[in-house]
$ cat data.json   # JSON, C-alpha atoms and all ligand atoms
[["chain", "number", "residue", "atom", "x", "y", "z"],
["A", 1, "MET", "CA", 113.74, 138.89, 100.68],
["A", 2, "ASN", "CA", 112.07, 140.64, 97.81],
["A", 3, "GLU", "CA", 112.18, 139.19, 94.30],
["A", 4, "ILE", "CA", 114.65, 141.68, 92.83],
["A", 5, "ARG", "CA", 117.11, 141.06, 95.67],
["A", 6, "GLN", "CA", 116.76, 137.32, 95.16],
["A", 7, "LEU", "CA", 117.39, 137.72, 91.44],
["A", 8, "GLN", "CA", 120.36, 140.00, 92.11],
["A", 9, "GLU", "CA", 121.84, 137.40, 94.45],
["A", 10, "ILE", "CA", 121.41, 134.60, 91.91],
["A", 11, "ILE", "CA", 123.08, 136.70, 89.20],
["A", 12, "ASP", "CA", 125.90, 137.81, 91.52],
["A", 13, "LYS", "CA", 126.74, 134.20, 92.37],
["A", 14, "SER", "CA", 126.68, 132.90, 88.81],
["A", 15, "ASP", "CA", 129.09, 133.17, 85.94],
["A", 16, "ASN", "CA", 127.42, 130.72, 83.60],
["A", 17, "ILE", "CA", 123.99, 132.17, 82.96],
["A", 18, "VAL", "CA", 121.93, 131.35, 79.90],
["A", 19, "PHE", "CA", 118.86, 133.34, 78.96],
["A", 20, "PHE", "CA", 115.96, 131.81, 77.09],
["A", 21, "GLY", "CA", 113.22, 134.16, 75.94],
["A", 22, "GLY", "CA", 110.19, 134.73, 73.80],
["A", 23, "ALA", "CA", 107.85, 137.36, 72.45],
["A", 24, "GLY", "CA", 107.30, 138.92, 75.91],
["A", 25, "VAL", "CA", 110.91, 140.18, 75.85],
["A", 26, "SER", "CA", 109.98, 142.56, 73.03],
["A", 27, "THR", "CA", 106.55, 143.78, 74.12],
["A", 28, "GLU", "CA", 108.19, 146.66, 76.01],
["A", 29, "SER", "CA", 109.71, 147.63, 72.65],
["A", 30, "GLY", "CA", 106.21, 147.91, 71.23],
["A", 31, "ILE", "CA", 106.08, 144.53, 69.45],
["A", 32, "PRO", "CA", 102.96, 142.63, 70.45],
["A", 33, "ASP", "CA", 103.21, 138.98, 71.51],
["A", 34, "PHE", "CA", 100.88, 136.20, 70.37],
["A", 35, "ARG", "CA", 99.15, 135.14, 73.51],
["A", 36, "SER", "CA", 98.48, 137.97, 75.92],
["A", 37, "GLU", "CA", 95.27, 139.92, 75.57],
["A", 38, "SER", "CA", 96.90, 142.81, 73.78],
["A", 39, "GLY", "CA", 98.70, 140.37, 71.50],
["A", 40, "ILE", "CA", 98.26, 139.36, 67.96],
["A", 41, "PHE", "CA", 95.20, 137.35, 68.89],
["A", 42, "LYS", "CA", 93.43, 140.42, 67.63],
["A", 43, "SER", "CA", 94.28, 138.86, 64.27],
["A", 44, "LEU", "CA", 91.25, 136.66, 64.75],
["A", 45, "GLN", "CA", 89.06, 139.70, 64.32],
["A", 46, "LYS", "CA", 90.87, 141.12, 61.31],
["A", 47, "TYR", "CA", 91.99, 138.00, 59.43],
["A", 48, "GLY", "CA", 89.55, 135.43, 60.78],
["A", 49, "HIS", "CA", 92.38, 133.08, 61.74],
["A", 50, "ARG", "CA", 94.69, 132.46, 64.67],
["A", 51, "PRO", "CA", 98.24, 133.78, 64.22],
["A", 52, "GLU", "CA", 99.62, 130.23, 64.33],
["A", 53, "TYR", "CA", 97.76, 129.48, 61.11],
["A", 54, "LEU", "CA", 98.63, 132.78, 59.42],
["A", 55, "VAL", "CA", 102.33, 132.07, 59.96],
["A", 56, "SER", "CA", 102.17, 128.37, 59.12],
["A", 57, "HIS", "CA", 103.83, 126.56, 56.26],
["A", 58, "SER", "CA", 100.41, 125.53, 54.87],
["A", 59, "TYR", "CA", 99.18, 129.13, 54.80],
["A", 60, "TYR", "CA", 102.42, 130.23, 53.15],
["A", 61, "MET", "CA", 102.05, 127.56, 50.46],
["A", 62, "GLU", "CA", 98.32, 127.97, 49.85],
["A", 63, "HIS", "CA", 97.81, 131.71, 50.39],
["A", 64, "THR", "CA", 101.25, 133.13, 49.65],
["A", 65, "GLU", "CA", 100.15, 136.70, 48.97],
["A", 66, "GLU", "CA", 97.91, 136.88, 52.06],
["A", 67, "PHE", "CA", 100.76, 135.36, 54.07],
["A", 68, "PHE", "CA", 103.05, 138.24, 53.04],
["A", 69, "ASN", "CA", 100.35, 140.81, 53.77],
["A", 70, "TYR", "CA", 99.87, 139.46, 57.29],
["A", 71, "TYR", "CA", 103.60, 138.97, 57.83],
["A", 72, "LYS", "CA", 104.55, 142.50, 56.80],
["A", 73, "GLU", "CA", 101.77, 144.09, 58.79],
["A", 74, "ASN", "CA", 102.14, 142.07, 61.99],
["A", 75, "LEU", "CA", 105.61, 140.65, 62.35],
["A", 76, "ILE", "CA", 107.84, 143.41, 61.09],
["A", 77, "PHE", "CA", 108.43, 146.39, 63.35],
["A", 78, "LYS", "CA", 111.28, 148.05, 61.60],
["A", 79, "ASP", "CA", 111.65, 150.96, 64.00],
["A", 80, "ALA", "CA", 111.44, 148.96, 67.23],
["A", 81, "LYS", "CA", 114.30, 149.65, 69.62],
["A", 82, "PRO", "CA", 115.85, 147.39, 72.29],
["A", 83, "ASN", "CA", 114.31, 147.84, 75.73],
["A", 84, "PRO", "CA", 116.02, 147.52, 79.15],
["A", 85, "ALA", "CA", 115.70, 143.72, 79.05],
["A", 86, "HIS", "CA", 117.69, 143.43, 75.81],
["A", 87, "LEU", "CA", 120.21, 145.99, 77.06],
["A", 88, "LYS", "CA", 120.80, 144.34, 80.44],
["A", 89, "LEU", "CA", 121.30, 140.94, 78.83],
["A", 90, "ALA", "CA", 123.91, 142.45, 76.50],
["A", 91, "GLU", "CA", 125.67, 143.98, 79.53],
["A", 92, "LEU", "CA", 125.63, 140.66, 81.37],
["A", 93, "GLU", "CA", 127.27, 139.01, 78.38],
["A", 94, "LYS", "CA", 129.91, 141.74, 78.21],
["A", 95, "ALA", "CA", 130.62, 141.24, 81.91],
["A", 96, "GLY", "CA", 131.31, 137.55, 81.19],
["A", 97, "LYS", "CA", 128.38, 136.29, 83.24],
["A", 98, "LEU", "CA", 125.95, 135.38, 80.49],
["A", 99, "LYS", "CA", 127.04, 132.81, 77.89],
["A", 100, "ALA", "CA", 124.17, 132.85, 75.41],
["A", 101, "VAL", "CA", 120.80, 134.34, 74.60],
["A", 102, "ILE", "CA", 118.46, 131.76, 73.13],
["A", 103, "THR", "CA", 115.42, 133.40, 71.64],
["A", 104, "GLN", "CA", 112.18, 132.44, 69.95],
["A", 105, "ASN", "CA", 111.96, 135.99, 68.63],
["A", 106, "ILE", "CA", 112.64, 136.91, 65.05],
["A", 107, "ASP", "CA", 113.03, 140.68, 65.54],
["A", 108, "GLY", "CA", 116.83, 140.95, 65.91],
["A", 109, "LEU", "CA", 116.56, 143.25, 68.94],
["A", 110, "HIS", "CA", 119.10, 141.33, 71.04],
["A", 111, "GLN", "CA", 121.77, 141.96, 68.40],
["A", 112, "LYS", "CA", 120.68, 145.59, 68.15],
["A", 113, "ALA", "CA", 121.24, 145.87, 71.91],
["A", 114, "GLY", "CA", 124.78, 144.52, 71.54],
["A", 115, "SER", "CA", 124.42, 140.83, 72.36],
["A", 116, "LYS", "CA", 126.92, 138.75, 70.41],
["A", 117, "ASN", "CA", 125.98, 135.14, 71.07],
["A", 118, "VAL", "CA", 122.33, 135.01, 70.07],
["A", 119, "LEU", "CA", 120.75, 131.72, 69.05],
["A", 120, "GLU", "CA", 117.62, 132.40, 67.03],
["A", 121, "LEU", "CA", 115.49, 129.29, 67.24],
["A", 122, "HIS", "CA", 112.84, 130.68, 64.92],
["A", 123, "GLY", "CA", 115.09, 132.58, 62.53],
["A", 124, "SER", "CA", 115.08, 136.29, 61.74],
["A", 125, "ILE", "CA", 113.11, 138.83, 59.72],
["A", 126, "HIS", "CA", 116.48, 140.34, 58.74],
["A", 127, "ARG", "CA", 117.50, 137.37, 56.60],
["A", 128, "ASN", "CA", 115.57, 136.46, 53.48],
["A", 129, "TYR", "CA", 116.52, 134.27, 50.58],
["A", 130, "CYS", "CA", 115.28, 133.23, 47.16],
["A", 131, "GLU", "CA", 113.73, 129.79, 47.35],
["A", 132, "PHE", "CA", 115.08, 129.03, 43.88],
["A", 133, "CYS", "CA", 118.60, 130.50, 43.50],
["A", 134, "LYS", "CA", 119.23, 131.13, 47.26],
["A", 135, "ARG", "CA", 120.27, 134.76, 46.71],
["A", 136, "GLU", "CA", 120.02, 136.70, 49.98],
["A", 137, "TYR", "CA", 117.90, 139.81, 50.53],
["A", 138, "ASP", "CA", 117.57, 142.23, 53.42],
["A", 139, "LEU", "CA", 114.49, 143.36, 55.31],
["A", 140, "ASP", "CA", 114.06, 146.50, 53.22],
["A", 141, "PHE", "CA", 113.67, 144.40, 50.12],
["A", 142, "ILE", "CA", 110.71, 142.59, 51.71],
["A", 143, "LEU", "CA", 109.18, 145.81, 52.99],
["A", 144, "LYS", "CA", 109.45, 147.53, 49.64],
["A", 145, "SER", "CA", 108.04, 144.62, 47.67],
["A", 146, "GLU", "CA", 104.43, 144.67, 46.64],
["A", 147, "GLY", "CA", 102.50, 141.46, 47.00],
["A", 148, "ILE", "CA", 104.80, 138.45, 46.86],
["A", 149, "PRO", "CA", 108.51, 139.41, 47.01],
["A", 150, "ARG", "CA", 110.27, 138.04, 43.94],
["A", 151, "CYS", "CA", 113.95, 137.52, 43.20],
["A", 152, "GLU", "CA", 115.53, 138.67, 39.93],
["A", 153, "CYS", "CA", 115.38, 135.03, 38.86],
["A", 154, "GLY", "CA", 111.62, 134.92, 39.48],
["A", 155, "GLY", "CA", 111.77, 132.77, 42.62],
["A", 156, "ILE", "CA", 109.88, 133.75, 45.77],
["A", 157, "VAL", "CA", 111.99, 135.48, 48.42],
["A", 158, "LYS", "CA", 111.14, 133.72, 51.68],
["A", 159, "PRO", "CA", 111.94, 135.10, 55.11],
["A", 160, "ASP", "CA", 114.42, 132.94, 57.04],
["A", 161, "VAL", "CA", 111.79, 132.48, 59.70],
["A", 162, "VAL", "CA", 110.67, 129.10, 60.98],
["A", 163, "LEU", "CA", 106.97, 128.85, 60.21],
["A", 164, "TYR", "CA", 104.63, 126.63, 62.19],
["A", 165, "GLU", "CA", 104.89, 123.04, 60.82],
["A", 166, "GLU", "CA", 108.52, 123.66, 59.77],
["A", 167, "PRO", "CA", 111.45, 122.07, 61.61],
["A", 168, "LEU", "CA", 113.94, 124.11, 63.63],
["A", 169, "ASN", "CA", 117.50, 124.48, 62.38],
["A", 170, "ASN", "CA", 119.42, 121.52, 63.80],
["A", 171, "ASP", "CA", 122.65, 123.39, 64.52],
["A", 172, "VAL", "CA", 120.86, 126.16, 66.40],
["A", 173, "LEU", "CA", 118.84, 123.61, 68.34],
["A", 174, "SER", "CA", 121.79, 121.45, 69.37],
["A", 175, "SER", "CA", 123.88, 124.45, 70.31],
["A", 176, "SER", "CA", 120.98, 125.76, 72.44],
["A", 177, "ILE", "CA", 120.69, 122.39, 74.17],
["A", 178, "ASN", "CA", 124.42, 122.47, 74.87],
["A", 179, "TYR", "CA", 124.34, 125.91, 76.46],
["A", 180, "ILE", "CA", 121.32, 125.06, 78.59],
["A", 181, "ALA", "CA", 122.72, 121.69, 79.67],
["A", 182, "ASN", "CA", 125.96, 123.35, 80.85],
["A", 183, "ALA", "CA", 124.49, 126.47, 82.46],
["A", 184, "ASP", "CA", 124.38, 126.88, 86.22],
["A", 185, "THR", "CA", 121.59, 129.47, 86.00],
["A", 186, "LEU", "CA", 118.83, 129.55, 83.43],
["A", 187, "ILE", "CA", 116.73, 132.70, 83.22],
["A", 188, "ILE", "CA", 113.59, 132.26, 81.16],
["A", 189, "GLY", "CA", 111.54, 135.30, 80.31],
["A", 190, "GLY", "CA", 108.63, 136.54, 78.25],
["A", 191, "THR", "CA", 107.52, 133.20, 76.94],
["A", 192, "SER", "CA", 104.32, 131.29, 77.54],
["A", 193, "LEU", "CA", 106.40, 128.07, 77.16],
["A", 194, "VAL", "CA", 103.75, 126.39, 75.07],
["A", 195, "VAL", "CA", 105.41, 126.38, 71.64],
["A", 196, "TYR", "CA", 107.36, 123.16, 71.05],
["A", 197, "PRO", "CA", 110.03, 122.03, 70.48],
["A", 198, "ALA", "CA", 111.45, 125.31, 71.83],
["A", 199, "ALA", "CA", 109.64, 125.05, 75.18],
["A", 200, "GLY", "CA", 111.04, 121.53, 75.69],
["A", 201, "LEU", "CA", 114.58, 122.97, 75.94],
["A", 202, "ILE", "CA", 113.97, 123.65, 79.62],
["A", 203, "ASN", "CA", 114.15, 119.88, 80.22],
["A", 204, "TYR", "CA", 117.88, 119.90, 79.41],
["A", 205, "PHE", "CA", 118.71, 122.20, 82.30],
["A", 206, "ASN", "CA", 120.77, 120.55, 85.06],
["A", 207, "GLY", "CA", 121.95, 123.65, 86.91],
["A", 208, "SER", "CA", 120.92, 124.94, 90.30],
["A", 209, "LYS", "CA", 118.88, 128.09, 89.66],
["A", 210, "LEU", "CA", 115.95, 128.33, 87.30],
["A", 211, "VAL", "CA", 114.40, 131.81, 87.17],
["A", 212, "LEU", "CA", 111.13, 132.54, 85.37],
["A", 213, "ILE", "CA", 110.21, 136.13, 84.60],
["A", 214, "ASN", "CA", 106.85, 136.23, 82.89],
["A", 215, "LYS", "CA", 103.76, 138.36, 83.28],
["A", 216, "SER", "CA", 101.48, 135.36, 83.33],
["A", 217, "GLU", "CA", 101.83, 131.83, 84.72],
["A", 218, "THR", "CA", 103.64, 129.13, 82.73],
["A", 219, "PRO", "CA", 103.39, 125.33, 82.89],
["A", 220, "TYR", "CA", 106.91, 125.26, 84.43],
["A", 221, "ASP", "CA", 106.41, 127.66, 87.35],
["A", 222, "ASN", "CA", 106.54, 124.85, 89.91],
["A", 223, "LEU", "CA", 110.08, 123.87, 88.79],
["A", 224, "ALA", "CA", 111.58, 127.33, 89.28],
["A", 225, "SER", "CA", 113.72, 128.57, 92.17],
["A", 226, "LEU", "CA", 112.29, 132.04, 91.57],
["A", 227, "VAL", "CA", 109.19, 133.17, 89.68],
["A", 228, "ILE", "CA", 108.66, 136.86, 88.97],
["A", 229, "ASN", "CA", 105.31, 137.77, 87.44],
["A", 230, "GLU", "CA", 106.34, 141.25, 86.32],
["A", 231, "ALA", "CA", 107.45, 142.97, 83.13],
["A", 232, "ILE", "CA", 110.90, 141.70, 82.20],
["A", 233, "GLY", "CA", 112.35, 145.05, 81.12],
["A", 234, "GLU", "CA", 111.27, 146.75, 84.34],
["A", 235, "THR", "CA", 112.66, 143.78, 86.29],
["A", 236, "LEU", "CA", 116.08, 143.43, 84.64],
["A", 237, "GLU", "CA", 116.55, 147.20, 84.62],
["A", 238, "GLN", "CA", 116.90, 147.03, 88.41],
["A", 239, "ILE", "CA", 119.76, 144.52, 88.32],
["A", 240, "LYS", "CA", 123.23, 145.89, 88.97],
["A", 241, "ILE", "CA", 126.30, 144.44, 87.32],
["B", 301, "LIG", "P1", 103.78, 134.08, 73.49],
["B", 301, "LIG", "O1", 103.18, 132.72, 73.44],
["B", 301, "LIG", "O2", 103.11, 135.17, 72.76],
["B", 301, "LIG", "O3", 103.95, 134.42, 75.02],
["B", 301, "LIG", "C1", 104.48, 135.62, 75.47],
["B", 301, "LIG", "C2", 104.47, 135.58, 76.99],
["B", 301, "LIG", "O4", 105.15, 136.73, 77.44],
["B", 301, "LIG", "C3", 103.10, 135.57, 77.62],
["B", 301, "LIG", "O5", 103.04, 134.52, 78.56],
["B", 301, "LIG", "C4", 102.99, 136.95, 78.30],
["B", 301, "LIG", "O6", 102.32, 136.89, 79.53],
["B", 301, "LIG", "C5", 104.43, 137.29, 78.52],
["B", 301, "LIG", "N1", 104.74, 138.72, 78.48],
["B", 301, "LIG", "C6", 104.27, 139.66, 77.65],
["B", 301, "LIG", "N2", 104.88, 140.84, 77.86],
["B", 301, "LIG", "C7", 105.76, 140.63, 78.88],
["B", 301, "LIG", "C8", 106.69, 141.46, 79.56],
["B", 301, "LIG", "N3", 106.86, 142.74, 79.25],
["B", 301, "LIG", "N4", 107.43, 140.90, 80.55],
["B", 301, "LIG", "C9", 107.27, 139.60, 80.90],
["B", 301, "LIG", "N5", 106.40, 138.78, 80.28],
["B", 301, "LIG", "C10", 105.67, 139.28, 79.28],
["B", 301, "LIG", "O7", 105.27, 134.08, 72.98],
["B", 301, "LIG", "P2", 106.28, 132.91, 72.84],
["B", 301, "LIG", "O8", 107.57, 133.53, 72.45],
["B", 301, "LIG", "O9", 106.25, 132.00, 74.00],
["B", 301, "LIG", "O10", 105.61, 132.17, 71.60],
["B", 301, "LIG", "C11", 106.31, 131.68, 70.72],
["B", 301, "LIG", "C12", 106.12, 132.27, 69.31],
["B", 301, "LIG", "C13", 105.65, 133.68, 69.15],
["B", 301, "LIG", "C14", 107.50, 132.28, 68.82],
["B", 301, "LIG", "O11", 107.54, 131.48, 67.69],
["B", 301, "LIG", "C15", 107.85, 133.70, 68.43],
["B", 301, "LIG", "O12", 108.69, 133.65, 67.32],
["B", 301, "LIG", "C16", 106.55, 134.32, 68.10],
["B", 301, "LIG", "N6", 106.54, 135.81, 68.17],
["B", 301, "LIG", "C17", 107.70, 136.54, 68.10],
["B", 301, "LIG", "C18", 107.67, 137.94, 68.18],
["B", 301, "LIG", "C19", 108.96, 138.71, 68.11],
["B", 301, "LIG", "O13", 109.88, 138.33, 67.40],
["B", 301, "LIG", "N7", 109.09, 139.82, 68.85],
["B", 301, "LIG", "C20", 106.44, 138.59, 68.34],
["B", 301, "LIG", "C21", 105.27, 137.84, 68.37],
["B", 301, "LIG", "C22", 105.33, 136.43, 68.29]]
$ encode --input "data.json" --output "structure tokens" --more "lines below"
Ligand code: CNA
Amino acid sequence: MNEIRQLQEIIDKSDNIVFFGGAGVSTESGIPDFRSESGIFKSLQKYGHRPEYLVSHSYYMEHTEEFFNYYKENLIFKDAKPNPAHLKLAELEKAGKLKAVITQNIDGLHQKAGSKNVLELHGSIHRNYCEFCKREYDLDFILKSEGIPRCECGGIVKPDVVLYEEPLNNDVLSSSINYIANADTLIIGGTSLVVYPAAGLINYFNGSKLVLINKSETPYDNLASLVINEAIGETLEQIKI
């Protein structure tokens, strides 16, 4: 049986699917990921550092202005639109089959596609807050700011994005664990599964079908019932609900 038919059968038989995804879910929307060749690794050439360092807590603290330059240029894609992967996941939720989307992405495209229950492990570019008085700001405020975005009170406006070296939000993490632990099907897509603790979530899965849809191999391929090494948007687009 070909892979799409196998995936269709798994989805048809399940009504407790959880999706767990990463940067690869948004590459078909024109947002580069970190680790494939076309990804932000090009940052090495332009900034002389790996992206992990440029979006780390230390870099933010020690080179705040450069951090914002890199962040605005490389992590914000204001005009990006949901692709067929985001749209199909939203449809699956609407049909009552998919219970949650757990994402490492910060781009907000799942919500734009119509998904309601989205757990953002690494936060979102759309939420920003003053480190001092906690006032909230939207994405436009960050985009329009020059240099370091400053609140009226003078505090730095920090994106609500989990930087490397920073802990994940406990509520989001425990809720994600709960969904995964109770799912009968876990579809993982567009993630290299090397960024922890997010990648470790897979260990909580007790269900029967683990599906991996990723262009390249992952360290968990041998655990999966089905591995599809194709583009996730092109793959999910073929699924009928
Ligand atoms: P990653 O480590 O960059 O891996 C992405 C994976 O997706 C790679 O294994 C690719 O082979 C694969 N891939 C790329 N395009 C596709 C596609 N169309 N279909 C299927 N597979 C594809 O990304 P992770 O999410 O695993 O890394 C975690 C970091 C990167 C997280 O903290 C993210 O927040 C961060 N990130 C987020 C965005 C975003 O919000 N869109 C963009 C870039 C990086």
$ closest_atom_pairs --input "data.json" --of "chain A" --to "ligand LIG 301 (chain B)" --cutoff "6 Å" --atoms "all atoms listed in the file" --output "Markdown table"
| residue | atom | partner | partner_atom | distance |
| --- | --- | --- | --- | --- |
| A:Gly22 | CA | B:LIG301 | O8 | 3.2 |
| A:Ala23 | CA | B:LIG301 | O8 | 3.8 |
| A:Gly24 | CA | B:LIG301 | O4 | 3.4 |
| A:Val25 | CA | B:LIG301 | C8 | 5.8 |
| A:Ser26 | CA | B:LIG301 | N7 | 5.1 |
| A:Thr27 | CA | B:LIG301 | N2 | 5.0 |
| A:Glu28 | CA | B:LIG301 | N3 | 5.3 |
| A:Ile31 | CA | B:LIG301 | N7 | 5.6 |
| A:Pro32 | CA | B:LIG301 | C21 | 5.7 |
| A:Asp33 | CA | B:LIG301 | C21 | 3.9 |
| A:Phe34 | CA | B:LIG301 | O2 | 3.4 |
| A:Arg35 | CA | B:LIG301 | O2 | 4.0 |
| A:Ser36 | CA | B:LIG301 | C4 | 5.2 |
| A:Gln104 | CA | B:LIG301 | O12 | 4.5 |
| A:Asn105 | CA | B:LIG301 | O13 | 3.4 |
| A:Ile106 | CA | B:LIG301 | O13 | 3.9 |
| A:Asp107 | CA | B:LIG301 | O13 | 4.3 |
| A:His122 | CA | B:LIG301 | O12 | 5.6 |
| A:Gly190 | CA | B:LIG301 | O4 | 3.6 |
| A:Thr191 | CA | B:LIG301 | O9 | 3.4 |
| A:Ser192 | CA | B:LIG301 | O5 | 3.6 |
| A:Leu193 | CA | B:LIG301 | O9 | 5.0 |
| A:Val195 | CA | B:LIG301 | C11 | 5.5 |
| A:Ile213 | CA | B:LIG301 | C9 | 5.9 |
| A:Asn214 | CA | B:LIG301 | N5 | 3.7 |
| A:Lys215 | CA | B:LIG301 | N5 | 4.0 |
| A:Ser216 | CA | B:LIG301 | O6 | 4.2 |
| A:Glu230 | CA | B:LIG301 | C9 | 5.7 |
| A:Ala231 | CA | B:LIG301 | N4 | 3.3 |
| A:Ile232 | CA | B:LIG301 | N4 | 3.9 |
$ residues_around --input "data.json" --residues "A:Asn2" --least-positions-apart "4" --cutoff "12 Å" --atoms "all atoms listed in the file" --output "PyMOL selection string"
chain A and resi 6-9+226-228+235
$ residues_around --input "data.json" --residues "A:Pro159" --least-positions-apart "6" --cutoff "10 Å" --atoms "all atoms listed in the file" --output "number ranges by chain"
A: 68, 71, 123-131, 136-139, 142, 149
$ atom_distance --input "data.json" --atom1 "atom CA of A:Glu166" --atom2 "atom CA of A:His57"
6.5 Å
$ axis_aligned_box --input "data.json" --around "stretch 64-69 of chain A" --padding-each-side "8 Å" --output "JSON"
{"center_x": 100.5, "center_y": 137.0, "center_z": 51.5, "size_x": 21.1, "size_y": 23.7, "size_z": 21.1}
$ atom_distance --input "data.json" --atom1 "atom CA of A:Gly154" --atom2 "atom CA of A:Thr64"
14.6 Å
$ residues_around --input "data.json" --residues "stretch 167-182 of chain A" --least-positions-apart "4" --cutoff "12 Å" --atoms "all atoms listed in the file" --output "PyMOL selection string"
chain A and resi 15-21+56-57+98-104+117-123+160-163+186-188+195-210
$ closest_residue --input "data.json" --among "A:Asn229, A:Pro84, A:Tyr164, A:Lys116" --to "A:Val55" --atoms "all atoms listed in the file"
A:Tyr164
$ atom_distance --input "data.json" --atom1 "atom CA of A:Ala85" --atom2 "atom CA of A:Leu236"
5.6 Å
$ closest_residue --input "data.json" --among "A:Tyr60, A:Gly233, A:Lys94, A:Lys46" --to "A:Val157" --atoms "only C-alpha atoms"
A:Tyr60
$ residues_around --input "data.json" --residues "A:Gly30" --least-positions-apart "5" --cutoff "9 Å" --atoms "all atoms listed in the file" --output "PyMOL selection string"
chain A and resi 77+80-81
$ closest_residue --input "data.json" --among "A:Pro219, A:Gly189, A:Gly147, A:Gly155" --to "A:Glu66" --atoms "only C-alpha atoms"
A:Gly147
$ closest_residue --input "data.json" --among "A:Cys133, A:Lys97, A:Glu62, A:Ser43" --to "A:Asp184" --atoms "all atoms listed in the file"
A:Lys97
